[in-house]
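Structure first, commentary second.
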Amino acid sequence: MLMVLTPTLMLVPTIWATPAKWLWPSALLHSLLIALASFTWFKNTAETGWAFLTPHMATDPLSSPLLVLTCWLLPLMILASQNHLSSEPLNRQRMYITLLTSLQIFLIMAFGATEMIMFYVMFEATLIPTLFLITRWGNQAERLNAGTYFLFYTLAGSLPLLVALLILQNNTGTLSLLTLPFSNPLLLLTCSDKMWWAGCLLAFLVKMPLYGVHLWLPKAHVEAPIAGSMILAAVLLKLGGYGMMRMLIMLESLTNELSYPFIIFALWGVIMTGSICLRQTDLKSLIAYSSVSHMGLVVGGILIQTPWGFTGALILMIAHGLTSSALFCLANTNYERTHTRTMVLARGLQMALPLMTAWWFIAALANLALPPLPNLMGELMIISSLLNWSWWTLALTGAGTLITAAYSLYMFIMTQRGPLPMHMITLDPSHSREHLLIALHLLPLILLILKPELVWGWAA
Amino acid sequence: MNPYVLATLLFSLGLGTTLTFASSHWLLAWMGLEINTLAIIPLMAQHNHPRAIEATTKYFLTQATAAAMLLFASLTNAWLTGQWDIQLMSHPLPTTLASLALALKIGLAPLHTWLPEVLQGLDLPTGLILSTWQKLAPLTLLLQLQPMNSSLLIILGLTSTLIGGWGGLNQTQLRKILAYSSTAHLGWMVLVLQFAPSLTFLTLIIYLTMTFSTFLTFNLNNSTTINTLATSWAKAPVISSLAPLMLLSLGGLPPLTGFMPKWLILQELTKQDLAPAATLAALSALLSLYFYLRLSYAMALTMAPNNLTGTLPWRLLPSQHSLPLAISMTASLSLLPLTPALTALFTL
Amino acid sequence: MTPPHFAFSATFILALTGLVFHRTHLLSALLCLEGMMLSLFVALSLWALQLDITSFLASPLLLLAFSACEASTGLALLAATARTHGSDRLQSLNLLQC
């Protein structure tokens, strides 16, 4: 663990000590080296599943893909933010990269924690850097509103979780993930136990977000700068899914009986948010709602509690992390040239930026889960495990898939095809930095299907 | 103010509080409280300004009433049990009376209404004394009143956290906001008082550190309303970028110091099977967090217009020493990893 | 509850009620405070006399001294309020409300 965590910590002094000219290249290079070093986490030969044990941290097949995704995202965020920060004073640029690095530190500690309460503290600790990213480096005045929504939705869900975790600790005497699966199953019968169950899961459902408590997410995505949107879509939402998979081990007997409305709500959310996407005019908001829709599927897969459900959820989380982050990057390259997120104003870009259109095409296909991509693998596994639970879910998941395809194509056709409007004929050509950025998103996605056991989680 | 007079007043201020610390006898404790009140009144009224005088009058009336009630409680105790010792108070009636009197003295809801108005009338250094040093003596007495009416304290604590959060929501004056935040924090302290007094003590120390740095920051910026916070970047850029963290620490967000007392208190409450109270208290912290968040928006997360007069303070040297602020700011941001050491240090 | 106990408790509570509910003049508030302190003085001296505790016989004097200090502070504040607000009515102390 420390092999990655210590260099990440030392990235902060590096950023402040590097000469101005080399600030972005050296930050990028060092974070990329850290990301490469984090690949060693994939090699997990331990019999218990827990590898790279330190007194407080460890990885297992569930957390290592998410950890690697976290480490992989930092160089991409640095790469993506380079252009829109170039007009800022030097100290603010350094501050910004420090903020991104601190986010990665907290995320590594959250995913690597073996102690539930440590996971909780780090889960909450990611709020502050994200809040600052949204409210300090966002563009419009609405960002303050978005930051408030983000903070209060998440906290209102997660403060009951703290109480619930402390109750669990009083009952079992431990919160260690290594020993909790082996502790005596709790006898959960009374009404207050049901409240406790809800308290345990609510925080993660808000973070995912479940349809109904998702209102903070589109606001945060729309107002955040590109790096904020990327990390939010790619990793922070996955904290919710990860936490849910960890908590469900302890909630065994009650989940069967109580998860019914949540699964229905999640699947209903897939359709509802998909339909919202269909009539969306704001590009970033569309991508944000598509995240909500995909995460609804993940919630369904997790709450169904079958090995296939878990595996599908994890695969979909990783694949969606890369895809939605790539889509946000693409939206940002449009935004930096046209200075609008409205799709009606920035359309027909194939004429101006043909290579970008290729990237848009691949990303849109990944978003609608085209066959050779892990997105499809995740969705199929979730859909089939849901089908195994009840035939009727097929109506919801099938319609959801259809709508996903519809809005992905709508997004692609709206932004890329058609005649180029006259007000946009003097666009900057795309940089190789941007092509590299999207390639670094989509290559791992395509390569993952060659060795999907890396992101299979426990099923492997 | 004449330095000799000031020295005398500050000395008696310290004397009163230490007298209360040291006493085991109710009469002596009462005398300490009275000396304390009488010593701070000239400090509060030193600027002959209607608002300062009004604040002083209100403070005097509440403190004198609270002290008289405290003495009445102890006299009732003496008449009923013949006992003057603070720690040996056994009869429920005088104990309840005494704890209510002390609640009035430190400003726990629903007896808090004097606190925002009094704090609003004072300048920031005196306000700092009022919201830190003046809390110590009554709280030590409250800590020594050990076996008490449990539901009374829990109700006091919960109403304080709720009203402290609600009251601050529509304030634009920093000192009133700080007063409500003080009420909310005192609510947390009282909530856990009967189960783990050492936790109350730890919470008090951490609250004092955080309030100290908040007041010093505001004093450095010379600001008393939210509006004036917006230009603080021109006076002390580093502090204005740390200040939102400090305010969020005051609101109790992990991984900052302010989370530690809340965490430990919630743990203690769940151990005592008070999970609903714990959840309510935790959610009421969100109310307080909202106004801290608004302060930090105004201070660092938005850019004020860069007009020329706004940049003038840049060129001036700050009038305040930065060392105390630096130390307390560091403490109020990064003590969370030291939780075990601190809990060991502050056991009673 | 013995009669003296009842007497001083009733005096104290009446004075406290006066302070809390009759909020017109600062002077009347100060008088109520004095009434409270006087009842406490009576209670303390009666307690010491009744139990014949000689070491406590000086304590009523201490209490009286402190209450005198308090009364004089109150009167000083009365004068200050009269100078800044123009009257001693508690209604006029409204600069700090919100």
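Each chain of the structure tokens is named A, B, ... in the order shown, its residues numbered from 1; ligands are numbered from 1 in display order.
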Exercise for review: Find the residues near C:Phe6: any atom within 12 Å, counting only C-alpha atoms, skip ones fewer than 4 places away on the same chain, and give them as a PyMOL selection string.
Suggested key: (chain B and resi 76+79-80) or (chain C and resi 1-2+10-14+39+43)
* chain C contacts to chain B at 7 Å (only C-alpha atoms) as a list in words -> Leu33, Met36, Met37, Leu40, Leu44, Trp47, Leu77, Ala80, Thr81, Thr84, His85, Leu93, Leu95, Leu96 and Gln97 of chain C
Using only C-alpha atoms, please write the residues we just selected to a file, as a JSON list (two decimals), in the first residue's frame.
```json
[["chain", "number", "residue", "atom", "x", "y", "z"],
["C", 33, "LEU", "CA", -31.87, 41.45, 42.22],
["C", 36, "MET", "CA", -32.97, 38.06, 45.80],
["C", 37, "MET", "CA", -29.65, 38.78, 47.44],
["C", 40, "LEU", "CA", -30.18, 34.77, 50.33],
["C", 44, "LEU", "CA", -27.48, 32.13, 55.02],
["C", 47, "TRP", "CA", -28.77, 28.64, 58.56],
["C", 77, "LEU", "CA", -24.71, 50.54, 34.62],
["C", 80, "ALA", "CA", -24.40, 54.53, 31.93],
["C", 81, "THR", "CA", -27.62, 53.32, 30.33],
["C", 84, "THR", "CA", -26.40, 56.40, 26.38],
["C", 85, "HIS", "CA", -30.04, 55.47, 25.90],
["C", 93, "LEU", "CA", -32.32, 48.42, 25.19],
["C", 95, "LEU", "CA", -29.98, 48.12, 19.63],
["C", 96, "LEU", "CA", -28.65, 44.57, 19.55],
["C", 97, "GLN", "CA", -31.81, 42.72, 18.74]]
```
Would you tabulate, counting only C-alpha atoms, all residues of chain B that have an atom at most 8 Å from an atom of chain A, showing the closest pair of atoms and their distance in Å to one decimal, sorted by chain then ascending number, as a tab-separated table?
```
residue	atom	partner	partner_atom	distance
B:Leu253	CA	A:Glu124	CA	7.4
B:Pro254	CA	A:Ala125	CA	5.3
B:Pro255	CA	A:Ala125	CA	5.2
B:Leu266	CA	A:Val163	CA	6.7
B:Gln267	CA	A:Leu166	CA	5.8
B:Thr270	CA	A:Ile167	CA	5.9
B:Lys271	CA	A:Asn170	CA	6.5
B:Ala275	CA	A:Val163	CA	6.9
B:Ala278	CA	A:Val163	CA	6.9
B:Thr279	CA	A:Pro160	CA	5.9
B:Ala282	CA	A:Leu159	CA	6.2
B:Leu283	CA	A:Leu159	CA	6.7
B:Leu286	CA	A:Phe152	CA	7.4
B:Tyr290	CA	A:Thr148	CA	8.0
B:Leu293	CA	A:Thr148	CA	7.9
B:Tyr297	CA	A:Leu144	CA	7.4
B:Ala300	CA	A:Arg136	CA	7.8
B:Leu301	CA	A:Arg136	CA	4.6
B:Thr302	CA	A:Arg136	CA	6.3
```
For the selection just defined, write its residues with C-alpha atoms to a file, as a short mmCIF file (atom, residue, chain, number, x, y, z; two decimals), in the first residue's frame.
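New file part.cif:
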```
data_model
loop_
_atom_site.label_atom_id
_atom_site.label_comp_id
_atom_site.auth_asym_id
_atom_site.auth_seq_id
_atom_site.Cartn_x
_atom_site.Cartn_y
_atom_site.Cartn_z
CA LEU B 253 -16.31 17.72 8.99
CA PRO B 254 -13.73 14.94 8.88
CA PRO B 255 -10.70 14.83 8.51
CA LEU B 266 -21.65 9.90 19.20
CA GLN B 267 -19.75 6.78 20.15
CA THR B 270 -24.56 4.86 21.13
CA LYS B 271 -22.85 2.94 23.91
CA ALA B 275 -28.98 6.12 19.18
CA ALA B 278 -27.19 10.64 18.69
CA THR B 279 -28.75 10.75 15.22
CA ALA B 282 -25.55 14.53 14.37
CA LEU B 283 -28.17 15.85 11.97
CA LEU B 286 -25.81 20.06 9.59
CA TYR B 290 -24.81 25.50 6.69
CA LEU B 293 -20.32 26.96 4.75
CA TYR B 297 -18.16 30.85 0.56
CA ALA B 300 -12.47 32.22 0.11
CA LEU B 301 -14.55 30.31 -2.38
CA THR B 302 -15.80 33.30 -4.32
#
```
List the spatial neighbours of stretch 332-341 of chain A as number ranges by chain - criterion: any atom at most 6 Å away, only C-alpha atoms, same-chain residues fewer than 2 positions off excluded. A: 282-283, 329-330
- Write out as a VMD selection string all residues of stretch 331-393 of chain A that backbone DSSP assigns to helix (DSSP H, G or I). chain A and resid 331 to 338 354 to 367 374 to 389 393
What's the separation between atom CA of B:Pro237 and atom CA of B:Pro318, in Å to one decimal place?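 Those two atoms sit 12.2 Å apart.
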